[in-house]
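Heads up, start15.cif below (mmCIF, C-alpha atoms (C1' of nucleotides)):
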```cif
data_model
loop_
_atom_site.label_atom_id
_atom_site.label_comp_id
_atom_site.auth_asym_id
_atom_site.auth_seq_id
_atom_site.Cartn_x
_atom_site.Cartn_y
_atom_site.Cartn_z
CA MET H 1 0.00 0.00 0.00
CA PRO H 2 1.39 3.42 -0.99
CA VAL H 3 2.50 5.79 1.73
CA GLU H 4 -0.24 8.38 1.15
CA ARG H 5 -2.95 5.81 1.81
CA CYS H 6 -1.39 4.87 5.15
CA LEU H 7 -1.24 8.55 5.90
CA ALA H 8 -4.88 8.97 4.95
CA LYS H 9 -5.87 6.14 7.28
CA ARG H 10 -3.92 7.69 10.09
CA LYS H 11 -5.43 11.09 9.40
CA PHE H 12 -8.93 9.65 9.51
CA ILE H 13 -8.28 7.90 12.80
CA ASP H 14 -7.00 11.19 14.19
CA PHE H 15 -10.16 12.81 12.88
CA LEU H 16 -12.24 10.28 14.82
CA ARG H 17 -10.22 10.75 18.01
CA ARG H 18 -10.42 14.52 17.80
CA ARG H 19 -14.19 14.22 17.69
CA LYS H 20 -14.16 11.64 20.48
CA LEU H 21 -15.57 9.02 18.15
CA ARG H 22 -14.58 5.42 18.66
CA VAL H 23 -12.20 3.39 16.55
CA THR H 24 -14.10 0.14 16.28
CA ALA H 25 -13.12 -3.04 14.46
CA GLN H 26 -15.82 -2.38 11.87
CA ARG H 27 -14.61 1.14 11.23
CA ARG H 28 -11.07 -0.16 10.82
CA ALA H 29 -12.25 -2.67 8.22
CA ILE H 30 -14.13 0.05 6.37
CA ILE H 31 -11.24 2.53 6.50
CA ASP H 32 -8.75 -0.10 5.36
CA SER H 33 -10.99 -0.97 2.43
CA ALA H 34 -11.69 2.62 1.46
CA PHE H 35 -8.05 3.66 1.39
CA GLU H 36 -6.74 0.44 -0.09
CA THR H 37 -8.16 1.14 -3.53
CA GLU H 38 -7.05 3.73 -6.07
CA GLU H 39 -10.50 3.65 -7.64
CA HIS H 40 -13.85 5.20 -7.03
CA PHE H 41 -16.24 2.96 -5.20
CA THR H 42 -19.89 2.71 -4.23
CA ALA H 43 -21.36 2.04 -0.80
CA GLU H 44 -22.11 -1.51 -1.87
CA GLN H 45 -18.55 -2.16 -3.04
CA LEU H 46 -17.20 -0.76 0.19
CA LEU H 47 -19.49 -3.09 2.13
CA LEU H 48 -18.20 -6.10 0.19
CA TRP H 49 -14.55 -5.22 0.68
CA SER H 50 -15.09 -4.46 4.35
CA ARG H 51 -16.83 -7.76 4.93
CA ARG H 52 -13.84 -9.56 3.47
CA ARG H 53 -11.79 -8.09 6.29
CA ASP H 54 -14.49 -8.39 8.94
CA ALA H 55 -17.62 -10.36 8.21
CA SER H 56 -19.51 -8.57 10.95
CA VAL H 57 -19.61 -5.25 9.09
CA SER H 58 -23.19 -4.34 8.32
CA ARG H 59 -24.57 -2.21 5.54
CA ALA H 60 -25.86 0.26 8.12
CA THR H 61 -22.39 0.81 9.53
CA VAL H 62 -20.98 1.44 6.09
CA TYR H 63 -23.68 4.01 5.43
CA ARG H 64 -23.02 5.57 8.82
CA THR H 65 -19.26 5.74 8.25
CA LEU H 66 -19.38 7.23 4.77
CA PRO H 67 -20.52 10.67 6.00
CA LEU H 68 -17.64 10.64 8.47
CA LEU H 69 -15.19 9.90 5.69
CA THR H 70 -16.51 12.79 3.61
CA ALA H 71 -16.69 15.11 6.62
CA SER H 72 -13.00 14.45 7.24
CA GLY H 73 -12.22 15.75 3.76
CA LEU H 74 -10.27 12.61 2.90
CA VAL H 75 -12.98 11.12 0.72
CA ARG H 76 -15.08 13.02 -1.78
CA GLU H 77 -18.66 12.14 -2.57
CA MET H 78 -19.44 12.25 -6.28
CA ASP H 79 -22.91 12.42 -7.69
CA LEU H 80 -22.64 11.54 -11.33
CA GLY H 81 -26.35 11.47 -11.98
CA ARG H 82 -26.66 7.74 -11.54
CA ASP H 83 -28.82 5.91 -9.04
CA HIS H 84 -25.96 5.45 -6.62
CA LYS H 85 -23.20 7.74 -5.42
CA PHE H 86 -19.51 7.22 -5.94
CA TYR H 87 -16.75 7.92 -3.48
CA ASP H 88 -13.24 9.03 -4.29
CA PRO H 89 -10.57 8.09 -1.72
CA ASN H 90 -7.83 10.07 -3.49
CA TYR H 91 -9.49 13.38 -3.02
CA SER H 92 -7.16 14.92 -0.47
CA ASP H 93 -4.13 13.95 -2.59
CA HIS H 94 -5.54 15.20 -5.87
CA PRO H 95 -8.61 17.41 -5.49
CA ASN H 96 -10.49 17.03 -8.76
CA HIS H 97 -13.55 18.95 -9.72
CA SER H 98 -14.01 17.64 -13.23
CA HIS H 99 -14.93 14.23 -14.54
CA ILE H 100 -15.24 12.66 -17.92
CA ILE H 101 -17.68 9.79 -17.95
CA CYS H 102 -17.08 7.57 -20.97
CA LEU H 103 -20.15 6.16 -22.65
CA ASP H 104 -18.15 3.34 -24.21
CA CYS H 105 -16.00 2.07 -21.38
CA ASN H 106 -18.06 3.41 -18.49
CA ARG H 107 -14.87 4.76 -17.02
CA ILE H 108 -14.59 7.90 -14.94
CA VAL H 109 -11.55 10.03 -15.61
CA GLU H 110 -10.85 12.84 -13.22
CA PHE H 111 -8.94 16.00 -13.78
CA ASP H 112 -8.78 19.53 -12.64
CA SER H 113 -8.13 22.63 -14.61
CA GLU H 114 -7.12 26.02 -13.39
CA ASP H 115 -8.80 27.53 -16.46
CA ILE H 116 -12.17 26.03 -15.60
CA LYS H 117 -11.80 27.16 -12.02
CA LYS H 118 -11.12 30.71 -13.17
CA LEU H 119 -13.99 30.62 -15.62
CA ALA H 120 -16.37 29.36 -12.96
CA ARG H 121 -15.28 32.06 -10.58
CA ARG H 122 -15.68 34.73 -13.21
CA MET H 123 -19.14 33.53 -14.21
CA SER H 124 -20.25 33.39 -10.57
CA ARG H 125 -19.12 36.95 -9.96
CA LYS H 126 -20.81 38.15 -13.11
CA LEU H 127 -24.12 36.64 -11.99
CA GLY H 128 -23.89 37.98 -8.46
CA PHE H 129 -22.66 34.98 -6.53
CA SER H 130 -19.42 33.98 -4.96
CA LEU H 131 -18.20 30.54 -5.80
CA ARG H 132 -18.13 27.86 -3.14
CA THR H 133 -17.56 24.75 -5.25
CA HIS H 134 -17.78 23.86 -8.87
CA ARG H 135 -17.81 20.67 -10.85
CA LEU H 136 -17.67 20.00 -14.52
CA GLN H 137 -19.11 16.78 -15.80
CA ILE H 138 -18.34 15.70 -19.32
CA VAL H 139 -20.02 12.79 -21.02
CA GLY H 140 -17.87 11.59 -23.85
CA SER H 141 -16.85 8.61 -25.88
CA CYS H 142 -13.49 7.15 -26.87
CA ASP H 143 -14.28 7.25 -30.58
CA LEU H 144 -10.84 6.15 -31.68
CA LEU H 145 -11.19 2.91 -29.81
CA LYS H 146 -14.82 2.52 -30.69
CA ARG H 147 -13.84 2.30 -34.33
CA LEU H 148 -11.75 -0.72 -33.41
CA GLY H 149 -14.81 -2.43 -32.00
CA VAL H 150 -14.70 -2.23 -28.24
CA CYS H 151 -13.02 0.14 -25.90
CA ALA H 152 -9.82 -1.43 -24.60
CA ARG H 153 -10.36 0.18 -21.23
CA GLN H 154 -13.88 -1.15 -20.98
CA LYS H 155 -15.34 -1.75 -17.54
CA PRO H 156 -18.62 -3.24 -16.38
CA SER H 157 -21.47 -1.50 -14.54
CA MET G 1 -48.85 32.69 -21.84
CA PRO G 2 -45.87 33.68 -24.03
CA VAL G 3 -45.83 32.60 -27.64
CA GLU G 4 -42.87 30.21 -27.31
CA ARG G 5 -44.68 28.18 -24.70
CA CYS G 6 -47.70 27.73 -26.96
CA LEU G 7 -45.28 26.73 -29.65
CA ALA G 8 -43.60 24.25 -27.34
CA LYS G 9 -46.96 22.70 -26.51
CA ARG G 10 -47.81 22.37 -30.17
CA LYS G 11 -44.41 20.88 -30.90
CA PHE G 12 -44.86 18.29 -28.20
CA ILE G 13 -48.28 17.29 -29.47
CA ASP G 14 -46.77 16.91 -32.92
CA PHE G 15 -44.06 14.79 -31.35
CA LEU G 16 -46.72 12.51 -29.86
CA ARG G 17 -48.63 12.25 -33.14
CA ARG G 18 -45.49 11.45 -35.11
CA ARG G 19 -44.89 8.55 -32.77
CA LYS G 20 -48.53 7.51 -32.93
CA LEU G 21 -48.92 8.23 -29.24
CA ARG G 22 -52.27 9.44 -28.00
CA VAL G 23 -53.16 12.91 -26.86
CA THR G 24 -55.13 12.17 -23.73
CA ALA G 25 -56.79 14.57 -21.33
CA GLN G 26 -54.18 13.72 -18.69
CA ARG G 27 -51.32 14.38 -21.05
CA ARG G 28 -52.87 17.71 -21.98
CA ALA G 29 -53.07 18.70 -18.34
CA ILE G 30 -49.45 17.71 -17.82
CA ILE G 31 -48.22 19.47 -20.94
CA ASP G 32 -50.15 22.62 -20.11
CA SER G 33 -48.65 22.62 -16.63
CA ALA G 34 -45.13 21.90 -17.78
CA PHE G 35 -45.05 24.67 -20.37
CA GLU G 36 -46.99 27.17 -18.30
CA THR G 37 -44.14 27.83 -15.92
CA GLU G 38 -40.88 29.63 -16.58
CA GLU G 39 -39.29 27.78 -13.69
CA HIS G 40 -37.71 24.45 -13.08
CA PHE G 41 -40.02 21.94 -11.53
CA THR G 42 -39.99 18.52 -9.93
CA ALA G 43 -42.17 15.55 -10.76
CA GLU G 44 -44.18 16.23 -7.61
CA GLN G 45 -44.79 19.86 -8.52
CA LEU G 46 -45.85 18.86 -12.00
CA LEU G 47 -48.32 16.39 -10.51
CA LEU G 48 -49.83 19.06 -8.29
CA TRP G 49 -50.21 21.56 -11.11
CA SER G 50 -51.63 18.93 -13.44
CA ARG G 51 -54.19 17.83 -10.86
CA ARG G 52 -55.38 21.40 -10.56
CA ARG G 53 -56.31 21.19 -14.23
CA ASP G 54 -57.51 17.59 -14.15
CA ALA G 55 -57.94 15.84 -10.82
CA SER G 56 -57.74 12.43 -12.47
CA VAL G 57 -54.03 12.78 -13.26
CA SER G 58 -52.07 10.16 -11.38
CA ARG G 59 -48.52 10.20 -10.22
CA ALA G 60 -47.78 7.24 -12.48
CA THR G 61 -48.90 9.13 -15.56
CA VAL G 62 -46.72 12.08 -14.68
CA TYR G 63 -43.75 9.77 -14.30
CA ARG G 64 -44.63 8.11 -17.59
CA THR G 65 -44.96 11.42 -19.42
CA LEU G 66 -41.75 12.99 -18.17
CA PRO G 67 -39.52 10.70 -20.30
CA LEU G 68 -41.60 11.66 -23.34
CA LEU G 69 -41.07 15.34 -22.60
CA THR G 70 -37.33 14.87 -22.35
CA ALA G 71 -37.22 12.60 -25.41
CA SER G 72 -38.87 15.35 -27.42
CA GLY G 73 -36.01 17.67 -26.57
CA LEU G 74 -38.40 20.33 -25.28
CA VAL G 75 -37.71 19.65 -21.62
CA ARG G 76 -34.34 19.00 -20.09
CA GLU G 77 -33.81 16.72 -17.13
CA MET G 78 -31.39 18.16 -14.58
CA ASP G 79 -29.70 16.13 -11.90
CA LEU G 80 -28.36 18.60 -9.40
CA GLY G 81 -27.23 16.01 -6.90
CA ARG G 82 -30.34 16.26 -4.81
CA ASP G 83 -32.75 13.50 -3.98
CA HIS G 84 -35.13 14.45 -6.75
CA LYS G 85 -34.63 15.54 -10.33
CA PHE G 86 -35.53 18.90 -11.78
CA TYR G 87 -36.99 19.59 -15.18
CA ASP G 88 -36.41 22.66 -17.28
CA PRO G 89 -39.21 23.54 -19.73
CA ASN G 90 -37.21 26.34 -21.37
CA TYR G 91 -34.54 24.10 -22.67
CA SER G 92 -35.28 24.26 -26.37
CA ASP G 93 -35.45 28.07 -26.23
CA HIS G 94 -32.27 28.51 -24.25
CA PRO G 95 -30.11 25.40 -24.05
CA ASN G 96 -28.09 25.82 -20.87
CA HIS G 97 -25.40 23.54 -19.66
CA SER G 98 -24.32 25.40 -16.59
CA HIS G 99 -26.09 26.09 -13.33
CA ILE G 100 -25.36 28.07 -10.23
CA ILE G 101 -27.09 26.68 -7.18
CA CYS G 102 -27.27 29.30 -4.46
CA LEU G 103 -26.77 28.06 -0.94
CA ASP G 104 -28.54 31.09 0.50
CA CYS G 105 -31.63 31.46 -1.62
CA ASN G 106 -31.78 27.91 -2.96
CA ARG G 107 -32.24 29.35 -6.41
CA ILE G 108 -30.97 27.79 -9.62
CA VAL G 109 -29.55 30.20 -12.17
CA GLU G 110 -28.83 28.85 -15.60
CA PHE G 111 -26.41 30.08 -18.16
CA ASP G 112 -24.27 28.88 -20.97
CA SER G 113 -20.83 29.95 -21.95
CA GLU G 114 -19.02 29.38 -25.20
CA ASP G 115 -15.74 29.53 -23.29
CA ILE G 116 -16.70 26.65 -21.04
CA LYS G 117 -17.87 24.65 -24.02
CA LYS G 118 -14.54 25.18 -25.76
CA LEU G 119 -12.61 24.34 -22.64
CA ALA G 120 -14.60 21.16 -22.12
CA ARG G 121 -14.03 20.11 -25.69
CA ARG G 122 -10.32 20.81 -25.46
CA MET G 123 -9.97 18.84 -22.21
CA SER G 124 -11.89 15.90 -23.64
CA ARG G 125 -9.63 15.75 -26.68
CA LYS G 126 -6.54 15.99 -24.54
CA LEU G 127 -7.66 13.01 -22.46
CA GLY G 128 -8.64 10.91 -25.46
CA PHE G 129 -12.39 11.38 -25.59
CA SER G 130 -14.76 13.25 -27.77
CA LEU G 131 -17.33 15.34 -26.01
CA ARG G 132 -20.98 14.39 -26.09
CA THR G 133 -22.40 16.62 -23.40
CA HIS G 134 -21.03 18.71 -20.62
CA ARG G 135 -22.45 20.45 -17.61
CA LEU G 136 -20.93 22.79 -15.12
CA GLN G 137 -22.44 22.99 -11.69
CA ILE G 138 -21.49 25.83 -9.42
CA VAL G 139 -22.48 26.01 -5.80
CA GLY G 140 -22.29 29.57 -4.63
CA SER G 141 -23.72 32.11 -2.26
CA CYS G 142 -25.02 35.62 -2.74
CA ASP G 143 -22.67 37.07 -0.14
CA LEU G 144 -23.67 40.65 -0.79
CA LEU G 145 -27.25 39.89 0.17
CA LYS G 146 -26.26 37.58 2.97
CA ARG G 147 -24.55 40.49 4.69
CA LEU G 148 -27.92 42.23 4.75
CA GLY G 149 -29.44 39.32 6.63
CA VAL G 150 -31.41 37.18 4.25
CA CYS G 151 -31.25 36.72 0.53
CA ALA G 152 -33.90 38.87 -1.10
CA ARG G 153 -34.49 36.23 -3.74
CA GLN G 154 -34.90 33.54 -1.13
CA LYS G 155 -37.03 30.51 -1.99
CA PRO G 156 -38.16 27.52 0.01
CA SER G 157 -37.29 23.83 -0.53
"C1'" DA E 1 -63.11 -2.37 -32.54
"C1'" DT E 2 -58.27 -1.87 -31.53
"C1'" DC E 3 -54.48 -1.11 -28.79
"C1'" DA E 4 -52.30 2.53 -26.21
"C1'" DA E 5 -52.84 4.87 -21.76
"C1'" DT E 6 -54.70 5.09 -17.29
"C1'" DG E 7 -55.12 4.59 -12.00
"C1'" DC E 8 -54.11 1.86 -8.41
"C1'" DA E 9 -51.36 -0.54 -5.45
"C1'" DA E 10 -47.48 -3.18 -4.97
"C1'" DA E 11 -42.46 -3.42 -6.22
"C1'" DT E 12 -37.76 -1.34 -6.54
"C1'" DA E 13 -33.52 0.31 -4.89
"C1'" DA E 14 -30.55 3.23 -2.37
"C1'" DT E 15 -30.26 5.02 1.85
"C1'" DT E 16 -31.85 6.02 6.72
"C1'" DT E 17 -33.48 5.10 11.27
"C1'" DG E 18 -35.33 2.98 15.88
"C1'" DC E 19 -33.96 0.04 19.17
"C1'" DA E 20 -32.00 -3.25 22.24
"C1'" DA E 21 -27.63 -5.48 22.70
"C1'" DA E 22 -22.47 -5.20 22.42
"C1'" DA E 23 -18.15 -2.93 22.96
"C1'" DA E 24 -14.89 1.15 23.35
"C1'" DG E 25 -12.77 4.30 26.42
"C1'" DC O 1 -19.50 2.09 34.09
"C1'" DT O 2 -20.88 5.37 30.76
"C1'" DT O 3 -21.74 6.49 26.20
"C1'" DT O 4 -21.05 5.39 21.55
"C1'" DT O 5 -21.61 2.03 18.06
"C1'" DT O 6 -23.45 -1.92 16.24
"C1'" DG O 7 -26.64 -5.23 13.53
"C1'" DC O 8 -31.07 -6.05 12.41
"C1'" DA O 9 -35.23 -5.13 10.47
"C1'" DA O 10 -38.46 -1.86 9.42
"C1'" DA O 11 -39.05 2.83 7.41
"C1'" DT O 12 -38.24 6.31 3.82
"C1'" DT O 13 -38.37 8.34 -0.64
"C1'" DA O 14 -38.30 8.90 -5.48
"C1'" DT O 15 -39.43 6.31 -9.09
"C1'" DT O 16 -41.14 2.12 -11.71
"C1'" DT O 17 -44.14 -1.59 -12.93
"C1'" DG O 18 -48.07 -5.24 -13.36
"C1'" DC O 19 -52.55 -5.50 -14.38
"C1'" DA O 20 -57.34 -4.97 -15.19
"C1'" DT O 21 -59.97 -1.20 -17.02
"C1'" DT O 22 -60.76 3.01 -19.66
"C1'" DG O 23 -60.57 5.81 -23.63
"C1'" DA O 24 -58.41 7.78 -28.15
"C1'" DT O 25 -58.22 6.83 -32.82
#
```

Starting from the file, give its structure as C-alpha cells.
Amino acid sequence: MPVERCLAKRKFIDFLRRRKLRVTAQRRAIIDSAFETEEHFTAEQLLLWSRRRDASVSRATVYRTLPLLTASGLVREMDLGRDHKFYDPNYSDHPNHSHIICLDCNRIVEFDSEDIKKLARRMSRKLGFSLRTHRLQIVGSCDLLKRLGVCARQKPS
Amino acid sequence: MPVERCLAKRKFIDFLRRRKLRVTAQRRAIIDSAFETEEHFTAEQLLLWSRRRDASVSRATVYRTLPLLTASGLVREMDLGRDHKFYDPNYSDHPNHSHIICLDCNRIVEFDSEDIKKLARRMSRKLGFSLRTHRLQIVGSCDLLKRLGVCARQKPS
DNA sequence: ATCAATGCAAATAATTTGCAAAAAG
DNA sequence: CTTTTTGCAAATTATTTGCATTGAT
C-alpha cells in the first residue's frame, strides 16, 4: 500500500479521536478498504470489501461511516447522476472537480483545470454569486477505440 | 402565456402524433402545466399543477410522461445532486449547460458559456475522448445579500 | 373495434433510522 | 460504568411496474 494511503488512514483515525468518536473493528475494516483502492467505489462495493476483512460489518455501519469519511475531507462524494453515489478516496491527494464519464468504457476520468476554475469564478461573480464549489461533468466517448470495436479500457457497470 | 410556450406545446403534441402516441386529457393537463411555468419543476410539482387542471391525473402518468417530454427535446432533465430531479421547460429556447445553485436562496440560475464549451471540448480531446455533453455545476452564495441578513431572492425547498 | 394509456397498489432500490444489545474508552 | 456504536429489520423516498380497465383513434 502506498505511503499516502497509510497517511490517509492515520489522518482519519486522528479525525475520529479529535471528535471523540470510537475506533471500532468495523470502522477499521471500512477505513482499510476505502483507502486500499485507487478507484472510485460505491457504498455496496465498500461493504463487500469491508466484509472480506471483517464479516460482521453491516450495511448500516458502512452508510453511517461514509458521511464521516466525507466530513473528514479525505474522501469526496461524487454524484454523477446515476442511481448510486460514488466515493473518491484520493481526493485529499488530488482534489479534482471535473470528470469525464465515458459512454463506451463506463470509465470515470478525473482531472482539474485552473482555467475552468477561473472561468467558474468569473461567471459566478458576473451573476452575483461567490463561488463555493464547482464541478464540470463531461459525457464523452473514446471514438478512436470505438472504431476498433470495443473500448480497450472497458469496464462493467 | 408567451408565444414560445404555446409553440412548445404544439411541438410536443406533434411529437406525440409522429410517434402515434395518444393525446389524452391527462397528457394535456401535464403538458399545459409543464409549459406554463418559466421555472424548473420537480415531478411532484408537476403532478400538483396537473391535478389542478384535471384531478384524475395520477402520479404514475406524470412519471410516464416525463420521459416523453425529455425525449422530445423540449424539456431537459437536470440532476443537481439532490434526492429528486428537476426539469427545465425552457430548454429548447435557451439550451443551458451550466447552473449556479445558491446556498442562501436555494435558487438555480442557468447560463451557458461558449468559453466553457470550448474548454470542455479541449480537455476531452486531450484526455482521449470526444465530447458528447457537458455540464458545469457551481455552488455559490449571494454574499452581498447575505450580509444584509437574508437573501432577497430567497425561496423555500 | 383496436391497442395505447390510465389509475391503483405493490415493487424497486438506495439510503436512513429505531432500538435493544455489544463494545470502546 | 458510561456512552457510543453496532446489527437487524423496518421505514423512507423517489421512481417504476403489473394489471385490469378506460378511452383515443

Given the PyMOL selection byres ((chain O) within 9 of (chain G)), the residues it picks as a tab-separated table (two decimals) with C-alpha atoms (C1' of nucleotides), in the coordinates of the input:
```
chain	number	residue	atom	x	y	z
O	13	DT	C1'	-38.37	8.34	-0.64
O	14	DA	C1'	-38.30	8.90	-5.48
O	15	DT	C1'	-39.43	6.31	-9.09
O	16	DT	C1'	-41.14	2.12	-11.71
O	23	DG	C1'	-60.57	5.81	-23.63
O	24	DA	C1'	-58.41	7.78	-28.15
O	25	DT	C1'	-58.22	6.83	-32.82
```

Separation of CA of Leu48 in chain H from C1' of DG7 in chain O, in Å and rounded to one decimal =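 So the two atoms, CA of Leu48 in chain H and C1' of DG7 in chain O, lie 15.8 Å apart.
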
Considering all atoms listed in the file, give me a table of residues in chain H that are at most 9 Å from chain G, with the closest atom pair and distance in Å for each, as CSV.
```
residue,atom,partner,partner_atom,distance
H:Met78,CA,G:Gly81,CA,8.7
H:Asp79,CA,G:Gly81,CA,5.7
H:Leu80,CA,G:Gly81,CA,7.8
H:Gly81,CA,G:Asp79,CA,5.7
H:Arg82,CA,G:Asp79,CA,8.9
H:Ser98,CA,G:Leu136,CA,8.8
H:Ile100,CA,G:Ser124,CA,7.4
H:Cys102,CA,G:Phe129,CA,7.6
H:Leu103,CA,G:Arg132,CA,9.0
H:Val109,CA,G:Leu127,CA,8.4
H:Phe111,CA,G:Met123,CA,9.0
H:Ser113,CA,G:Met123,CA,8.7
H:Asp115,CA,G:Leu119,CA,7.9
H:Ile116,CA,G:Ile116,CA,7.1
H:Leu119,CA,G:Ile116,CA,7.2
H:Ala120,CA,G:Ile138,CA,7.2
H:Arg121,CA,G:Ile138,CA,8.9
H:Met123,CA,G:Ser113,CA,8.7
H:Ser124,CA,G:Gly140,CA,7.4
H:Leu127,CA,G:Val109,CA,8.4
H:Gly128,CA,G:Cys142,CA,6.3
H:Phe129,CA,G:Cys142,CA,4.5
H:Ser130,CA,G:Gly140,CA,5.3
H:Leu131,CA,G:Gly140,CA,4.4
H:Arg132,CA,G:Gly140,CA,4.7
H:Thr133,CA,G:Val139,CA,5.1
H:His134,CA,G:Ile138,CA,4.2
H:Arg135,CA,G:Gln137,CA,5.2
H:Leu136,CA,G:Leu136,CA,4.3
H:Gln137,CA,G:Arg135,CA,5.3
H:Ile138,CA,G:His134,CA,4.2
H:Val139,CA,G:Thr133,CA,5.1
H:Gly140,CA,G:Leu131,CA,4.4
H:Ser141,CA,G:Phe129,CA,5.3
H:Cys142,CA,G:Phe129,CA,4.6
H:Asp143,CA,G:Ser130,CA,6.6
H:Leu144,CA,G:Gly128,CA,8.1
```

Length of the CA of Arg17 in chain G to CA of Pro89 in chain G vector [Å] |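 These two atoms are separated by 19.9 Å.
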
Can you work out the spacing between CA of Arg27 in chain H and CA of Arg107 in chain H in Å, to one decimal?
-> 28.5 Å

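Cα RMSD between chain H and chain G, computed after least-squares fitting of the latter onto the former across all residues in order: 0.1 Å.
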
For the structure provided, state which residues fall under the PyMOL selection byres ((chain E) within 9 of (chain H)), and present them as a VMD selection string.
-> chain E and resid 13 to 16 23 to 25

Export of prior selection with C-alpha atoms (C1' of nucleotides) as a PDB file, keeping the file's coordinate frame:
```pdb
ATOM      1  C1'  DA E  13     -33.520   0.310  -4.890  1.00  0.00           C
ATOM      2  C1'  DA E  14     -30.550   3.230  -2.370  1.00  0.00           C
ATOM      3  C1'  DT E  15     -30.260   5.020   1.850  1.00  0.00           C
ATOM      4  C1'  DT E  16     -31.850   6.020   6.720  1.00  0.00           C
ATOM      5  C1'  DA E  23     -18.150  -2.930  22.960  1.00  0.00           C
ATOM      6  C1'  DA E  24     -14.890   1.150  23.350  1.00  0.00           C
ATOM      7  C1'  DG E  25     -12.770   4.300  26.420  1.00  0.00           C
TER       8       DG E  25
END
```

Give me the result of the PyMOL selection byres ((chain E and resi 19-22) around 9) on this file, residue by residue, as a list of chain:residue names.
->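 Applying the expression gives E:DG18, E:DA23, O:DT5, O:DT6.
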
Spatial sel., origin (-41.4, -2.0, -9.3), limit 9 Å, all atoms listed in the file, listed as an MDAnalysis selection string | (chainID E and resid 10:12) or (chainID O and resid 15:18)

For DC19 in chain O, please output as a VMD selection string all residues within 12 Å (counting all atoms listed in the file; exclusion window: fewer than 2 positions along the same chain).
-> (chain E and resid 6 to 10) or (chain O and resid 17 21)

Extract, using all atoms listed in the file, all DNA, RNA and protein residues at most 10 Å from DT17 in chain E, discarding same-chain residues fewer than 5 positions from it, and format them as a PyMOL selection string.
-> (chain H and resi 60) or (chain O and resi 10-12)

Starting from the incomplete input, reconstruct all heavy atoms of range 131-136 of chain G and write that as an mmCIF file, in the coordinates of the input.
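This is the output file selection-v4.cif:
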```cif
data_model
loop_
_atom_site.group_PDB
_atom_site.id
_atom_site.type_symbol
_atom_site.label_atom_id
_atom_site.label_comp_id
_atom_site.auth_asym_id
_atom_site.auth_seq_id
_atom_site.Cartn_x
_atom_site.Cartn_y
_atom_site.Cartn_z
ATOM 1 N N LEU G 131 -16.268 14.852 -26.876
ATOM 2 C CA LEU G 131 -17.330 15.340 -26.010
ATOM 3 C C LEU G 131 -18.715 15.058 -26.581
ATOM 4 O O LEU G 131 -18.992 15.327 -27.734
ATOM 5 C CB LEU G 131 -17.125 16.845 -25.816
ATOM 6 C CG LEU G 131 -18.085 17.595 -24.903
ATOM 7 C CD1 LEU G 131 -17.321 18.712 -24.221
ATOM 8 C CD2 LEU G 131 -19.223 18.195 -25.694
ATOM 9 N N ARG G 132 -19.578 14.552 -25.730
ATOM 10 C CA ARG G 132 -20.980 14.390 -26.090
ATOM 11 C C ARG G 132 -21.808 15.500 -25.443
ATOM 12 O O ARG G 132 -22.469 16.253 -26.100
ATOM 13 C CB ARG G 132 -21.512 13.032 -25.622
ATOM 14 C CG ARG G 132 -20.911 11.849 -26.342
ATOM 15 C CD ARG G 132 -21.553 11.612 -27.701
ATOM 16 N NE ARG G 132 -21.007 10.403 -28.322
ATOM 17 C CZ ARG G 132 -21.527 9.196 -28.170
ATOM 18 N NH1 ARG G 132 -22.598 9.015 -27.430
ATOM 19 N NH2 ARG G 132 -20.974 8.148 -28.753
ATOM 20 N N THR G 133 -21.734 15.548 -24.138
ATOM 21 C CA THR G 133 -22.400 16.620 -23.400
ATOM 22 C C THR G 133 -21.463 17.103 -22.295
ATOM 23 O O THR G 133 -20.535 16.397 -21.914
ATOM 24 C CB THR G 133 -23.645 16.101 -22.632
ATOM 25 O OG1 THR G 133 -23.957 14.792 -23.041
ATOM 26 C CG2 THR G 133 -24.803 17.052 -22.797
ATOM 27 N N HIS G 134 -21.763 18.242 -21.773
ATOM 28 C CA HIS G 134 -21.030 18.710 -20.620
ATOM 29 C C HIS G 134 -21.980 19.505 -19.750
ATOM 30 O O HIS G 134 -22.990 20.017 -20.238
ATOM 31 C CB HIS G 134 -19.856 19.585 -21.029
ATOM 32 C CG HIS G 134 -20.274 20.950 -21.475
ATOM 33 N ND1 HIS G 134 -20.784 21.186 -22.734
ATOM 34 C CD2 HIS G 134 -20.296 22.133 -20.842
ATOM 35 C CE1 HIS G 134 -21.075 22.467 -22.844
ATOM 36 N NE2 HIS G 134 -20.804 23.072 -21.709
ATOM 37 N N ARG G 135 -21.682 19.568 -18.475
ATOM 38 C CA ARG G 135 -22.450 20.450 -17.610
ATOM 39 C C ARG G 135 -21.560 20.925 -16.471
ATOM 40 O O ARG G 135 -20.777 20.168 -15.909
ATOM 41 C CB ARG G 135 -23.692 19.753 -17.068
ATOM 42 C CG ARG G 135 -23.420 18.408 -16.458
ATOM 43 C CD ARG G 135 -24.703 17.804 -15.940
ATOM 44 N NE ARG G 135 -24.493 16.420 -15.549
ATOM 45 C CZ ARG G 135 -25.304 15.762 -14.759
ATOM 46 N NH1 ARG G 135 -26.382 16.351 -14.280
ATOM 47 N NH2 ARG G 135 -25.068 14.515 -14.441
ATOM 48 N N LEU G 136 -21.693 22.193 -16.197
ATOM 49 C CA LEU G 136 -20.930 22.790 -15.120
ATOM 50 C C LEU G 136 -21.896 23.141 -14.004
ATOM 51 O O LEU G 136 -22.902 23.808 -14.243
ATOM 52 C CB LEU G 136 -20.223 24.052 -15.610
ATOM 53 C CG LEU G 136 -19.442 24.830 -14.554
ATOM 54 C CD1 LEU G 136 -18.263 24.017 -14.033
ATOM 55 C CD2 LEU G 136 -18.957 26.157 -15.124
#
```
